[in-house]
>>> print(open('work-v7.cif').read())   # mmCIF, C-alpha atoms and all ligand atoms
data_my_file
loop_
_atom_site.group_PDB
_atom_site.id
_atom_site.type_symbol
_atom_site.label_atom_id
_atom_site.label_comp_id
_atom_site.auth_asym_id
_atom_site.auth_seq_id
_atom_site.Cartn_x
_atom_site.Cartn_y
_atom_site.Cartn_z
ATOM 1 C CA MET A 22 -22.193 -90.086 2.128
ATOM 2 C CA GLY A 23 -19.864 -87.362 0.848
ATOM 3 C CA LYS A 24 -20.822 -83.798 0.015
ATOM 4 C CA LEU A 25 -19.672 -84.279 -3.598
ATOM 5 C CA ASP A 26 -20.780 -87.839 -4.364
ATOM 6 C CA ASN A 27 -20.476 -88.566 -8.118
ATOM 7 C CA LYS A 28 -19.560 -84.993 -8.972
ATOM 8 C CA VAL A 29 -17.132 -84.411 -11.828
ATOM 9 C CA VAL A 30 -14.560 -81.787 -10.898
ATOM 10 C CA VAL A 31 -11.776 -80.017 -12.794
ATOM 11 C CA ILE A 32 -9.054 -78.280 -10.766
ATOM 12 C CA THR A 33 -6.389 -76.338 -12.658
ATOM 13 C CA GLY A 34 -3.120 -76.102 -10.766
ATOM 14 C CA GLY A 35 -4.111 -79.300 -8.992
ATOM 15 C CA ASN A 36 -0.617 -80.743 -8.571
ATOM 16 C CA SER A 37 0.508 -78.411 -5.767
ATOM 17 C CA GLY A 38 -0.568 -76.285 -2.820
ATOM 18 C CA ILE A 39 -4.189 -75.184 -2.588
ATOM 19 C CA GLY A 40 -5.265 -77.055 -5.737
ATOM 20 C CA LEU A 41 -3.753 -80.348 -4.576
ATOM 21 C CA SER A 42 -5.210 -80.057 -1.105
ATOM 22 C CA THR A 43 -8.626 -79.308 -2.602
ATOM 23 C CA ALA A 44 -8.354 -82.262 -4.981
ATOM 24 C CA ARG A 45 -7.580 -84.537 -2.036
ATOM 25 C CA ARG A 46 -10.566 -83.194 -0.076
ATOM 26 C CA PHE A 47 -13.003 -83.374 -3.000
ATOM 27 C CA VAL A 48 -12.055 -86.987 -3.722
ATOM 28 C CA ALA A 49 -12.610 -87.779 -0.028
ATOM 29 C CA GLU A 50 -16.078 -86.215 -0.421
ATOM 30 C CA GLY A 51 -16.973 -88.594 -3.269
ATOM 31 C CA ALA A 52 -15.982 -86.681 -6.424
ATOM 32 C CA HIS A 53 -13.958 -87.714 -9.454
ATOM 33 C CA VAL A 54 -11.334 -84.995 -9.857
ATOM 34 C CA TYR A 55 -9.298 -83.989 -12.903
ATOM 35 C CA ILE A 56 -6.121 -82.172 -11.916
ATOM 36 C CA THR A 57 -3.947 -80.151 -14.280
ATOM 37 C CA GLY A 58 -0.556 -78.478 -14.274
ATOM 38 C CA ARG A 59 2.476 -78.160 -16.513
ATOM 39 C CA ARG A 60 4.827 -80.394 -14.513
ATOM 40 C CA LYS A 61 4.287 -84.079 -15.284
ATOM 41 C CA ALA A 62 6.356 -85.353 -12.342
ATOM 42 C CA GLU A 63 4.292 -83.265 -9.882
ATOM 43 C CA LEU A 64 1.066 -84.485 -11.481
ATOM 44 C CA ASP A 65 2.154 -88.119 -11.168
ATOM 45 C CA LYS A 66 3.155 -87.564 -7.551
ATOM 46 C CA ALA A 67 -0.156 -85.856 -6.771
ATOM 47 C CA SER A 68 -2.186 -88.645 -8.430
ATOM 48 C CA ALA A 69 -0.290 -91.328 -6.525
ATOM 49 C CA GLU A 70 -0.817 -89.473 -3.264
ATOM 50 C CA ILE A 71 -4.567 -88.991 -3.824
ATOM 51 C CA GLY A 72 -4.885 -92.653 -4.758
ATOM 52 C CA GLY A 73 -8.148 -93.125 -6.674
ATOM 53 C CA ASN A 74 -10.823 -91.140 -8.471
ATOM 54 C CA VAL A 75 -8.293 -88.727 -9.866
ATOM 55 C CA THR A 76 -7.178 -88.135 -13.458
ATOM 56 C CA ALA A 77 -4.121 -86.023 -14.190
ATOM 57 C CA VAL A 78 -4.010 -84.099 -17.453
ATOM 58 C CA GLN A 79 -0.787 -82.256 -18.184
ATOM 59 C CA GLY A 80 -1.307 -78.800 -19.648
ATOM 60 C CA ASP A 81 -0.683 -75.083 -19.563
ATOM 61 C CA VAL A 82 -3.732 -72.870 -18.925
ATOM 62 C CA THR A 83 -2.296 -70.227 -21.263
ATOM 63 C CA SER A 84 -2.498 -72.695 -24.169
ATOM 64 C CA SER A 85 -5.785 -72.924 -26.019
ATOM 65 C CA GLU A 86 -4.817 -76.324 -27.431
ATOM 66 C CA ASP A 87 -4.033 -77.703 -23.971
ATOM 67 C CA LEU A 88 -7.385 -76.489 -22.607
ATOM 68 C CA ASP A 89 -9.237 -77.977 -25.591
ATOM 69 C CA ARG A 90 -7.461 -81.300 -25.014
ATOM 70 C CA LEU A 91 -8.304 -81.226 -21.293
ATOM 71 C CA PHE A 92 -12.021 -80.666 -21.785
ATOM 72 C CA GLU A 93 -12.168 -83.168 -24.662
ATOM 73 C CA ILE A 94 -10.786 -85.804 -22.266
ATOM 74 C CA VAL A 95 -13.359 -84.845 -19.625
ATOM 75 C CA ARG A 96 -16.168 -84.856 -22.218
ATOM 76 C CA THR A 97 -15.190 -88.284 -23.538
ATOM 77 C CA GLN A 98 -14.794 -89.858 -20.093
ATOM 78 C CA HIS A 99 -17.570 -88.181 -18.082
ATOM 79 C CA GLY A 100 -19.572 -85.955 -20.440
ATOM 80 C CA ARG A 101 -19.875 -83.072 -17.988
ATOM 81 C CA VAL A 102 -18.223 -80.756 -15.464
ATOM 82 C CA ASP A 103 -20.122 -80.191 -12.214
ATOM 83 C CA ILE A 104 -17.459 -78.159 -10.425
ATOM 84 C CA LEU A 105 -14.670 -76.108 -11.959
ATOM 85 C CA PHE A 106 -11.937 -74.712 -9.732
ATOM 86 C CA ALA A 107 -9.937 -72.294 -11.927
ATOM 87 C CA ASN A 108 -7.046 -72.097 -9.527
ATOM 88 C CA ALA A 109 -3.770 -72.110 -11.491
ATOM 89 C CA GLY A 110 -1.886 -68.933 -10.748
ATOM 90 C CA ALA A 111 1.498 -67.388 -10.180
ATOM 91 C CA GLY A 112 3.173 -64.048 -9.527
ATOM 92 C CA HIS A 113 6.516 -62.238 -9.549
ATOM 93 C CA VAL A 114 8.036 -59.971 -6.917
ATOM 94 C CA GLU A 115 8.841 -56.732 -8.771
ATOM 95 C CA PRO A 116 8.419 -53.207 -7.375
ATOM 96 C CA LEU A 117 7.321 -50.316 -9.578
ATOM 97 C CA GLY A 118 10.380 -49.159 -11.493
ATOM 98 C CA HIS A 119 11.526 -52.784 -11.924
ATOM 99 C CA ILE A 120 8.436 -54.348 -13.487
ATOM 100 C CA THR A 121 9.524 -56.406 -16.482
ATOM 101 C CA GLU A 122 7.429 -56.887 -19.575
ATOM 102 C CA ALA A 123 8.080 -60.645 -19.442
ATOM 103 C CA ALA A 124 6.734 -60.986 -15.888
ATOM 104 C CA PHE A 125 3.762 -58.724 -16.682
ATOM 105 C CA ASP A 126 2.822 -60.791 -19.741
ATOM 106 C CA GLN A 127 3.259 -64.111 -17.956
ATOM 107 C CA THR A 128 1.266 -63.109 -14.872
ATOM 108 C CA PHE A 129 -1.663 -61.759 -16.875
ATOM 109 C CA ALA A 130 -1.479 -64.749 -19.229
ATOM 110 C CA VAL A 131 -1.706 -67.343 -16.450
ATOM 111 C CA ASN A 132 -3.956 -65.587 -13.950
ATOM 112 C CA VAL A 133 -6.353 -63.710 -16.232
ATOM 113 C CA LYS A 134 -6.247 -65.187 -19.739
ATOM 114 C CA GLY A 135 -5.848 -68.689 -18.300
ATOM 115 C CA THR A 136 -8.863 -68.239 -16.047
ATOM 116 C CA VAL A 137 -11.030 -66.709 -18.786
ATOM 117 C CA PHE A 138 -10.451 -69.495 -21.277
ATOM 118 C CA THR A 139 -10.512 -72.288 -18.710
ATOM 119 C CA VAL A 140 -14.025 -71.186 -17.762
ATOM 120 C CA GLN A 141 -15.168 -70.465 -21.306
ATOM 121 C CA LYS A 142 -14.010 -73.838 -22.607
ATOM 122 C CA ALA A 143 -15.572 -75.703 -19.663
ATOM 123 C CA LEU A 144 -18.921 -73.970 -20.061
ATOM 124 C CA PRO A 145 -20.384 -76.257 -22.783
ATOM 125 C CA LEU A 146 -19.968 -79.160 -20.317
ATOM 126 C CA MET A 147 -21.694 -77.338 -17.453
ATOM 127 C CA SER A 148 -25.395 -77.136 -16.665
ATOM 128 C CA GLU A 149 -27.852 -76.159 -13.940
ATOM 129 C CA GLY A 150 -26.401 -76.663 -10.452
ATOM 130 C CA ALA A 151 -22.788 -76.408 -11.578
ATOM 131 C CA SER A 152 -20.349 -74.321 -9.561
ATOM 132 C CA ILE A 153 -17.378 -72.334 -10.828
ATOM 133 C CA ILE A 154 -14.795 -71.207 -8.286
ATOM 134 C CA LEU A 155 -12.088 -68.714 -9.264
ATOM 135 C CA THR A 156 -9.036 -68.280 -7.065
ATOM 136 C CA GLY A 157 -8.604 -64.648 -6.123
ATOM 137 C CA SER A 158 -6.449 -63.271 -3.322
ATOM 138 C CA THR A 159 -6.587 -60.825 -0.453
ATOM 139 C CA THR A 160 -4.121 -58.751 -2.431
ATOM 140 C CA GLY A 161 -6.786 -58.159 -5.088
ATOM 141 C CA SER A 162 -8.389 -55.802 -2.523
ATOM 142 C CA MET A 163 -5.240 -54.501 -0.855
ATOM 143 C CA GLY A 164 -1.990 -52.813 -1.733
ATOM 144 C CA THR A 165 1.042 -55.091 -1.515
ATOM 145 C CA PRO A 166 4.566 -53.801 -2.070
ATOM 146 C CA ALA A 167 6.410 -55.200 -5.096
ATOM 147 C CA PHE A 168 3.368 -57.295 -6.014
ATOM 148 C CA SER A 169 1.216 -54.850 -7.987
ATOM 149 C CA ILE A 170 0.913 -56.831 -11.200
ATOM 150 C CA TYR A 171 -0.109 -60.042 -9.460
ATOM 151 C CA SER A 172 -2.522 -58.016 -7.316
ATOM 152 C CA ALA A 173 -4.024 -56.394 -10.419
ATOM 153 C CA THR A 174 -4.655 -59.833 -11.946
ATOM 154 C CA LYS A 175 -6.523 -60.872 -8.815
ATOM 155 C CA ALA A 176 -8.575 -57.654 -8.875
ATOM 156 C CA ALA A 177 -9.479 -58.620 -12.443
ATOM 157 C CA ILE A 178 -10.627 -62.042 -11.216
ATOM 158 C CA ARG A 179 -13.000 -60.324 -8.800
ATOM 159 C CA ASN A 180 -14.683 -58.474 -11.626
ATOM 160 C CA LEU A 181 -14.847 -61.509 -13.877
ATOM 161 C CA ALA A 182 -17.005 -63.236 -11.257
ATOM 162 C CA ARG A 183 -19.318 -60.230 -10.903
ATOM 163 C CA SER A 184 -19.793 -59.914 -14.659
ATOM 164 C CA TRP A 185 -20.041 -63.642 -15.336
ATOM 165 C CA ALA A 186 -22.711 -64.032 -12.643
ATOM 166 C CA LEU A 187 -24.782 -61.756 -14.896
ATOM 167 C CA ASP A 188 -23.768 -63.533 -18.116
ATOM 168 C CA LEU A 189 -24.799 -66.826 -16.481
ATOM 169 C CA LYS A 190 -28.179 -65.527 -15.290
ATOM 170 C CA GLY A 191 -30.870 -68.085 -16.044
ATOM 171 C CA THR A 192 -28.445 -71.000 -16.499
ATOM 172 C CA GLY A 193 -28.356 -72.152 -12.864
ATOM 173 C CA ILE A 194 -24.547 -72.097 -13.045
ATOM 174 C CA ARG A 195 -22.899 -70.208 -10.185
ATOM 175 C CA VAL A 196 -19.546 -68.427 -10.123
ATOM 176 C CA ASN A 197 -17.748 -67.195 -7.018
ATOM 177 C CA VAL A 198 -14.268 -66.106 -6.007
ATOM 178 C CA LEU A 199 -12.338 -67.818 -3.233
ATOM 179 C CA SER A 200 -9.699 -65.416 -1.938
ATOM 180 C CA PRO A 201 -7.081 -66.938 0.324
ATOM 181 C CA GLY A 202 -4.769 -64.880 2.460
ATOM 182 C CA ALA A 203 -1.233 -66.066 3.112
ATOM 183 C CA THR A 204 -1.293 -69.861 2.811
ATOM 184 C CA ASP A 205 1.669 -72.159 3.274
ATOM 185 C CA THR A 206 2.199 -73.616 -0.200
ATOM 186 C CA PRO A 207 5.185 -74.125 -2.503
ATOM 187 C CA GLY A 208 3.883 -71.024 -4.319
ATOM 188 C CA LEU A 209 4.111 -68.784 -1.245
ATOM 189 C CA GLN A 210 7.448 -70.340 -0.294
ATOM 190 C CA GLY A 211 8.752 -69.348 -3.744
ATOM 191 C CA VAL A 212 7.492 -65.785 -3.330
ATOM 192 C CA ALA A 213 9.083 -65.613 0.142
ATOM 193 C CA GLU A 214 12.436 -66.739 -1.258
ATOM 194 C CA ALA A 215 12.230 -64.133 -4.036
ATOM 195 C CA ALA A 216 11.349 -61.467 -1.445
ATOM 196 C CA GLY A 217 14.380 -62.254 0.684
ATOM 197 C CA GLY A 218 13.607 -65.184 2.977
ATOM 198 C CA THR A 219 11.562 -65.722 6.115
ATOM 199 C CA THR A 220 10.949 -62.012 6.771
ATOM 200 C CA LEU A 221 8.006 -62.163 4.372
ATOM 201 C CA TYR A 222 6.344 -64.882 6.489
ATOM 202 C CA ASP A 223 6.985 -62.895 9.680
ATOM 203 C CA GLY A 224 5.439 -59.804 8.105
ATOM 204 C CA LEU A 225 2.379 -61.726 6.905
ATOM 205 C CA VAL A 226 1.822 -63.259 10.346
ATOM 206 C CA ALA A 227 2.094 -59.806 11.955
ATOM 207 C CA GLN A 228 -0.436 -58.422 9.448
ATOM 208 C CA THR A 229 -3.019 -61.189 10.000
ATOM 209 C CA PRO A 230 -5.538 -60.995 12.871
ATOM 210 C CA ALA A 231 -5.474 -64.796 13.160
ATOM 211 C CA GLY A 232 -1.743 -64.480 13.865
ATOM 212 C CA ARG A 233 -0.713 -67.302 11.562
ATOM 213 C CA ILE A 234 -0.376 -68.482 7.988
ATOM 214 C CA ALA A 235 -3.201 -70.738 6.755
ATOM 215 C CA GLU A 236 -2.782 -74.382 5.805
ATOM 216 C CA PRO A 237 -3.900 -75.393 2.288
ATOM 217 C CA ALA A 238 -6.444 -77.810 3.814
ATOM 218 C CA GLU A 239 -8.204 -74.835 5.418
ATOM 219 C CA ILE A 240 -8.642 -73.225 2.005
ATOM 220 C CA ALA A 241 -9.873 -76.566 0.650
ATOM 221 C CA SER A 242 -12.662 -76.545 3.278
ATOM 222 C CA VAL A 243 -13.895 -73.208 1.975
ATOM 223 C CA ALA A 244 -13.609 -74.464 -1.608
ATOM 224 C CA LEU A 245 -15.805 -77.393 -0.567
ATOM 225 C CA PHE A 246 -18.435 -74.961 0.718
ATOM 226 C CA LEU A 247 -18.417 -73.053 -2.596
ATOM 227 C CA ALA A 248 -18.474 -76.283 -4.606
ATOM 228 C CA SER A 249 -21.342 -77.908 -2.729
ATOM 229 C CA ASP A 250 -25.034 -77.070 -2.585
ATOM 230 C CA ASP A 251 -24.391 -75.547 0.862
ATOM 231 C CA SER A 252 -23.634 -72.358 -1.089
ATOM 232 C CA ALA A 253 -26.448 -72.842 -3.654
ATOM 233 C CA VAL A 254 -27.755 -69.296 -3.182
ATOM 234 C CA MET A 255 -24.344 -67.695 -3.776
ATOM 235 C CA THR A 256 -23.110 -66.305 -7.062
ATOM 236 C CA GLY A 257 -20.936 -63.312 -7.924
ATOM 237 C CA SER A 258 -19.537 -63.367 -4.388
ATOM 238 C CA GLU A 259 -16.045 -63.262 -3.003
ATOM 239 C CA VAL A 260 -15.321 -65.423 0.024
ATOM 240 C CA PHE A 261 -12.177 -64.598 1.964
ATOM 241 C CA ALA A 262 -10.267 -67.406 3.675
ATOM 242 C CA ASP A 263 -7.629 -65.112 5.058
ATOM 243 C CA GLY A 264 -7.380 -65.145 8.850
ATOM 244 C CA GLY A 265 -8.903 -61.669 8.685
ATOM 245 C CA MET A 266 -6.028 -60.168 6.708
ATOM 246 C CA ALA A 267 -8.108 -58.154 4.253
ATOM 247 C CA GLN A 268 -11.011 -57.580 6.673
ATOM 248 C CA VAL A 269 -9.464 -55.108 9.096
HETATM 249 P P1 LIG A 301 1.471 -73.366 -5.940
HETATM 250 O O1 LIG A 301 1.707 -74.380 -4.902
HETATM 251 O O2 LIG A 301 2.643 -72.760 -6.633
HETATM 252 O O3 LIG A 301 0.454 -73.921 -7.016
HETATM 253 C C1 LIG A 301 0.238 -73.249 -8.214
HETATM 254 C C2 LIG A 301 -0.387 -74.228 -9.189
HETATM 255 O O4 LIG A 301 -0.671 -73.561 -10.425
HETATM 256 C C3 LIG A 301 0.549 -75.392 -9.503
HETATM 257 O O5 LIG A 301 -0.218 -76.564 -9.561
HETATM 258 C C4 LIG A 301 1.098 -75.045 -10.878
HETATM 259 O O6 LIG A 301 1.434 -76.222 -11.585
HETATM 260 C C5 LIG A 301 -0.113 -74.340 -11.492
HETATM 261 N N1 LIG A 301 0.231 -73.455 -12.594
HETATM 262 C C6 LIG A 301 1.005 -72.347 -12.577
HETATM 263 N N2 LIG A 301 1.099 -71.852 -13.810
HETATM 264 C C7 LIG A 301 0.370 -72.657 -14.626
HETATM 265 C C8 LIG A 301 0.093 -72.676 -16.012
HETATM 266 N N3 LIG A 301 0.600 -71.754 -16.855
HETATM 267 N N4 LIG A 301 -0.712 -73.660 -16.504
HETATM 268 C C9 LIG A 301 -1.216 -74.602 -15.660
HETATM 269 N N5 LIG A 301 -0.986 -74.637 -14.359
HETATM 270 C C10 LIG A 301 -0.192 -73.681 -13.851
HETATM 271 O O7 LIG A 301 0.693 -72.115 -5.337
HETATM 272 P P2 LIG A 301 -0.660 -71.957 -4.474
HETATM 273 O O8 LIG A 301 -0.306 -71.029 -3.393
HETATM 274 O O9 LIG A 301 -1.297 -73.258 -4.171
HETATM 275 O O10 LIG A 301 -1.537 -71.138 -5.522
HETATM 276 C C11 LIG A 301 -2.816 -71.577 -5.975
HETATM 277 C C12 LIG A 301 -3.663 -70.350 -6.266
HETATM 278 O O11 LIG A 301 -3.884 -69.651 -5.041
HETATM 279 C C13 LIG A 301 -3.032 -69.340 -7.218
HETATM 280 O O12 LIG A 301 -4.030 -68.791 -8.066
HETATM 281 C C14 LIG A 301 -2.510 -68.270 -6.274
HETATM 282 O O13 LIG A 301 -2.409 -67.028 -6.923
HETATM 283 C C15 LIG A 301 -3.595 -68.279 -5.217
HETATM 284 N N6 LIG A 301 -3.264 -67.692 -3.910
HETATM 285 C C16 LIG A 301 -2.294 -68.232 -3.118
HETATM 286 C C17 LIG A 301 -2.033 -67.665 -1.888
HETATM 287 C C18 LIG A 301 -0.978 -68.218 -0.963
HETATM 288 O O14 LIG A 301 -0.611 -67.535 0.012
HETATM 289 N N7 LIG A 301 -0.461 -69.405 -1.186
HETATM 290 C C19 LIG A 301 -2.762 -66.556 -1.464
HETATM 291 C C20 LIG A 301 -3.746 -66.044 -2.292
HETATM 292 C C21 LIG A 301 -3.991 -66.616 -3.521
HETATM 293 P P3 LIG A 301 2.655 -76.281 -12.651
HETATM 294 O O15 LIG A 301 3.755 -75.428 -12.103
HETATM 295 O O16 LIG A 301 2.997 -77.728 -12.752
HETATM 296 O O17 LIG A 301 2.100 -75.743 -13.918
#
>>> encode(input="work-v7.cif", output="structure tokens")
Amino acid sequence: MGKLDNKVVVITGGNSGIGLSTARRFVAEGAHVYITGRRKAELDKASAEIGGNVTAVQGDVTSSEDLDRLFEIVRTQHGRVDILFANAGAGHVEPLGHITEAAFDQTFAVNVKGTVFTVQKALPLMSEGASIILTGSTTGSMGTPAFSIYSATKAAIRNLARSWALDLKGTGIRVNVLSPGATDTPGLQGVAEAAGGTTLYDGLVAQTPAGRIAEPAEIASVALFLASDDSAVMTGSEVFADGGMAQV
């Protein structure tokens, strides 16, 4: 018996990194998982790799039409969402003095607006016992050079969960933040390249009490905890899966 038998799950940003690893784990635990992302080729690859019990829906979380189409597909096929992992996210490396309006708008659009409307549009399909997980970050609670805008979006995510836990009072729907530290994904690899190569990884390892970068599967294990009834008493919380990075 799996921990998520017969659960219907939506994971945005499910074709790569943390989202893909979580999709793989949730399917192994008995769920049917919808994965989303903008890149069709990555979605097809992810679906093939997961094998069964996965449905890929191409879409951009900043597009209202794409989100409507996603949840209409879920409603038609399954009629409900038990677990929503609002995980799609991205950031740009730009120090103060070099912050561009384009990067600011895109980062807030994907990380904040995308999360808000993903959750809001999923809500009519959710009921008592459902779990919403938002992807935060250690950097939402820390200062990180050249990463202030991304960090500010993740600080916003933290407050969304606090406020939504109150908005959801009485519904039996829970909302929590999962905040990874440095995790070895294509996303972090891209940030490392933009920040000048492997020195970023070395710096992150030095900064982390665990002395290493996390694997996406380790974040997926914590997502499983927040998705399952093992965390039934938790809402409005932030769980760090960060090797201690933001704890010391
Ligand atoms: P990743 O491998 O780059 O995955 C990011 C995912 O988000 C991809 O599936 C991407 O798919 C999707 N995405 C990006 N923009 C999107 C948009 N506009 N609409 C729909 N999907 C979009 O990076 P990751 O590290 O796994 O990141 C996952 C989450 O963890 C993000 O919220 C990130 O901020 C957070 N996080 C990561 C780390 C880390 O060290 N890796 C640490 C803390 C927090 P498409 O490109 O196909 O759209």
>>> residues_around(input="work-v7.cif", residues="segment 161-164 of chain A", least_positions_apart="5", cutoff="9 Å", atoms="only C-alpha atoms", output="list in words")
Ser169, Tyr171, Ser172, Ala173, Thr174, Lys175, Ala176, Ala177, Ile178, Arg179, Ser200 and Ala267 of chain A
>>> residues_around(input="work-v7.cif", residues="segment 227-235 of chain A", least_positions_apart="4", cutoff="6 Å", atoms="all atoms listed in the file", output="MDAnalysis selection string")
chainID A and resid 203:204 264:266
>>> atom_distance(input="work-v7.cif", atom1="atom CA of Ala67 of chain A", atom2="atom O14 of ligand LIG 301 (chain A)")
19.5 Å
>>> residues_around(input="work-v7.cif", residues="Glu239 of chain A", least_positions_apart="6", cutoff="9 Å", atoms="all atoms listed in the file", output="VMD selection string")
chain A and resid 39 42 204 262
>>> closest_residue(input="work-v7.cif", among="A:Asn36, A:Thr139, A:Thr192, A:Thr256", to="Arg90 of chain A", atoms="all atoms listed in the file")
A:Thr139
>>> atom_distance(input="work-v7.cif", atom1="atom CA of Leu88 of chain A", atom2="atom CA of Gly112 of chain A")
20.9 Å
>>> residues_near_ligand(input="work-v7.cif", ligand="ligand LIG 301 (chain A)", cutoff="7 Å", atoms="all atoms listed in the file", output="MDAnalysis selection string")
chainID A and resid 33:40 57:61 63 80:83 108:112 131:132 156:159 200:209
>>> resolve_selection(input="work-v7.cif", expression="the PyMOL selection byres (((chain A and resi 28) around 7) and not hetatm)", output="PyMOL selection string")
chain A and resi 25-27+29-30+52-53+103
>>> decode(input="work-v7.cif", residues="segment 122-129 of chain A", atoms="all heavy atoms", output="JSON list (two decimals), in the first residue's frame")
[["chain", "number", "residue", "atom", "x", "y", "z"],
["A", 122, "GLU", "N", 14.02, 45.46, -15.27],
["A", 122, "GLU", "CA", 12.57, 45.43, -15.13],
["A", 122, "GLU", "C", 12.02, 44.11, -15.68],
["A", 122, "GLU", "O", 11.08, 43.53, -15.12],
["A", 122, "GLU", "CB", 11.98, 46.61, -15.91],
["A", 122, "GLU", "CG", 10.73, 47.15, -15.27],
["A", 122, "GLU", "CD", 10.23, 48.41, -16.00],
["A", 122, "GLU", "OE1", 11.06, 49.28, -16.33],
["A", 122, "GLU", "OE2", 9.03, 48.48, -16.23],
["A", 123, "ALA", "N", 12.63, 43.64, -16.78],
["A", 123, "ALA", "CA", 12.14, 42.40, -17.41],
["A", 123, "ALA", "C", 12.30, 41.22, -16.46],
["A", 123, "ALA", "O", 11.37, 40.40, -16.30],
["A", 123, "ALA", "CB", 12.91, 42.14, -18.70],
["A", 124, "ALA", "N", 13.46, 41.11, -15.80],
["A", 124, "ALA", "CA", 13.69, 39.99, -14.89],
["A", 124, "ALA", "C", 12.79, 40.12, -13.65],
["A", 124, "ALA", "O", 12.24, 39.13, -13.16],
["A", 124, "ALA", "CB", 15.15, 39.93, -14.48],
["A", 125, "PHE", "N", 12.63, 41.35, -13.16],
["A", 125, "PHE", "CA", 11.74, 41.58, -12.02],
["A", 125, "PHE", "C", 10.32, 41.09, -12.36],
["A", 125, "PHE", "O", 9.72, 40.31, -11.62],
["A", 125, "PHE", "CB", 11.71, 43.08, -11.67],
["A", 125, "PHE", "CG", 10.76, 43.42, -10.56],
["A", 125, "PHE", "CD1", 11.21, 43.55, -9.25],
["A", 125, "PHE", "CD2", 9.41, 43.59, -10.81],
["A", 125, "PHE", "CE1", 10.33, 43.85, -8.22],
["A", 125, "PHE", "CE2", 8.51, 43.88, -9.78],
["A", 125, "PHE", "CZ", 8.98, 44.01, -8.49],
["A", 126, "ASP", "N", 9.81, 41.56, -13.49],
["A", 126, "ASP", "CA", 8.43, 41.22, -13.87],
["A", 126, "ASP", "C", 8.28, 39.71, -14.06],
["A", 126, "ASP", "O", 7.30, 39.11, -13.61],
["A", 126, "ASP", "CB", 8.03, 41.93, -15.18],
["A", 126, "ASP", "CG", 7.79, 43.42, -14.95],
["A", 126, "ASP", "OD1", 7.65, 43.84, -13.78],
["A", 126, "ASP", "OD2", 7.74, 44.16, -15.96],
["A", 127, "GLN", "N", 9.27, 39.09, -14.70],
["A", 127, "GLN", "CA", 9.14, 37.66, -14.98],
["A", 127, "GLN", "C", 9.20, 36.85, -13.69],
["A", 127, "GLN", "O", 8.44, 35.91, -13.50],
["A", 127, "GLN", "CB", 10.22, 37.19, -15.95],
["A", 127, "GLN", "CG", 9.83, 35.90, -16.64],
["A", 127, "GLN", "CD", 10.95, 34.86, -16.66],
["A", 127, "GLN", "OE1", 12.09, 35.15, -16.28],
["A", 127, "GLN", "NE2", 10.62, 33.66, -17.10],
["A", 128, "THR", "N", 10.10, 37.23, -12.78],
["A", 128, "THR", "CA", 10.26, 36.45, -11.55],
["A", 128, "THR", "C", 9.01, 36.56, -10.67],
["A", 128, "THR", "O", 8.52, 35.54, -10.14],
["A", 128, "THR", "CB", 11.52, 36.93, -10.79],
["A", 128, "THR", "OG1", 12.62, 36.94, -11.70],
["A", 128, "THR", "CG2", 11.85, 36.01, -9.63],
["A", 129, "PHE", "N", 8.49, 37.78, -10.54],
["A", 129, "PHE", "CA", 7.25, 37.91, -9.75],
["A", 129, "PHE", "C", 6.07, 37.24, -10.46],
["A", 129, "PHE", "O", 5.20, 36.66, -9.81],
["A", 129, "PHE", "CB", 6.96, 39.38, -9.43],
["A", 129, "PHE", "CG", 7.55, 39.79, -8.09],
["A", 129, "PHE", "CD1", 8.85, 40.26, -8.01],
["A", 129, "PHE", "CD2", 6.82, 39.65, -6.92],
["A", 129, "PHE", "CE1", 9.42, 40.59, -6.78],
["A", 129, "PHE", "CE2", 7.38, 39.98, -5.68],
["A", 129, "PHE", "CZ", 8.68, 40.46, -5.61]]
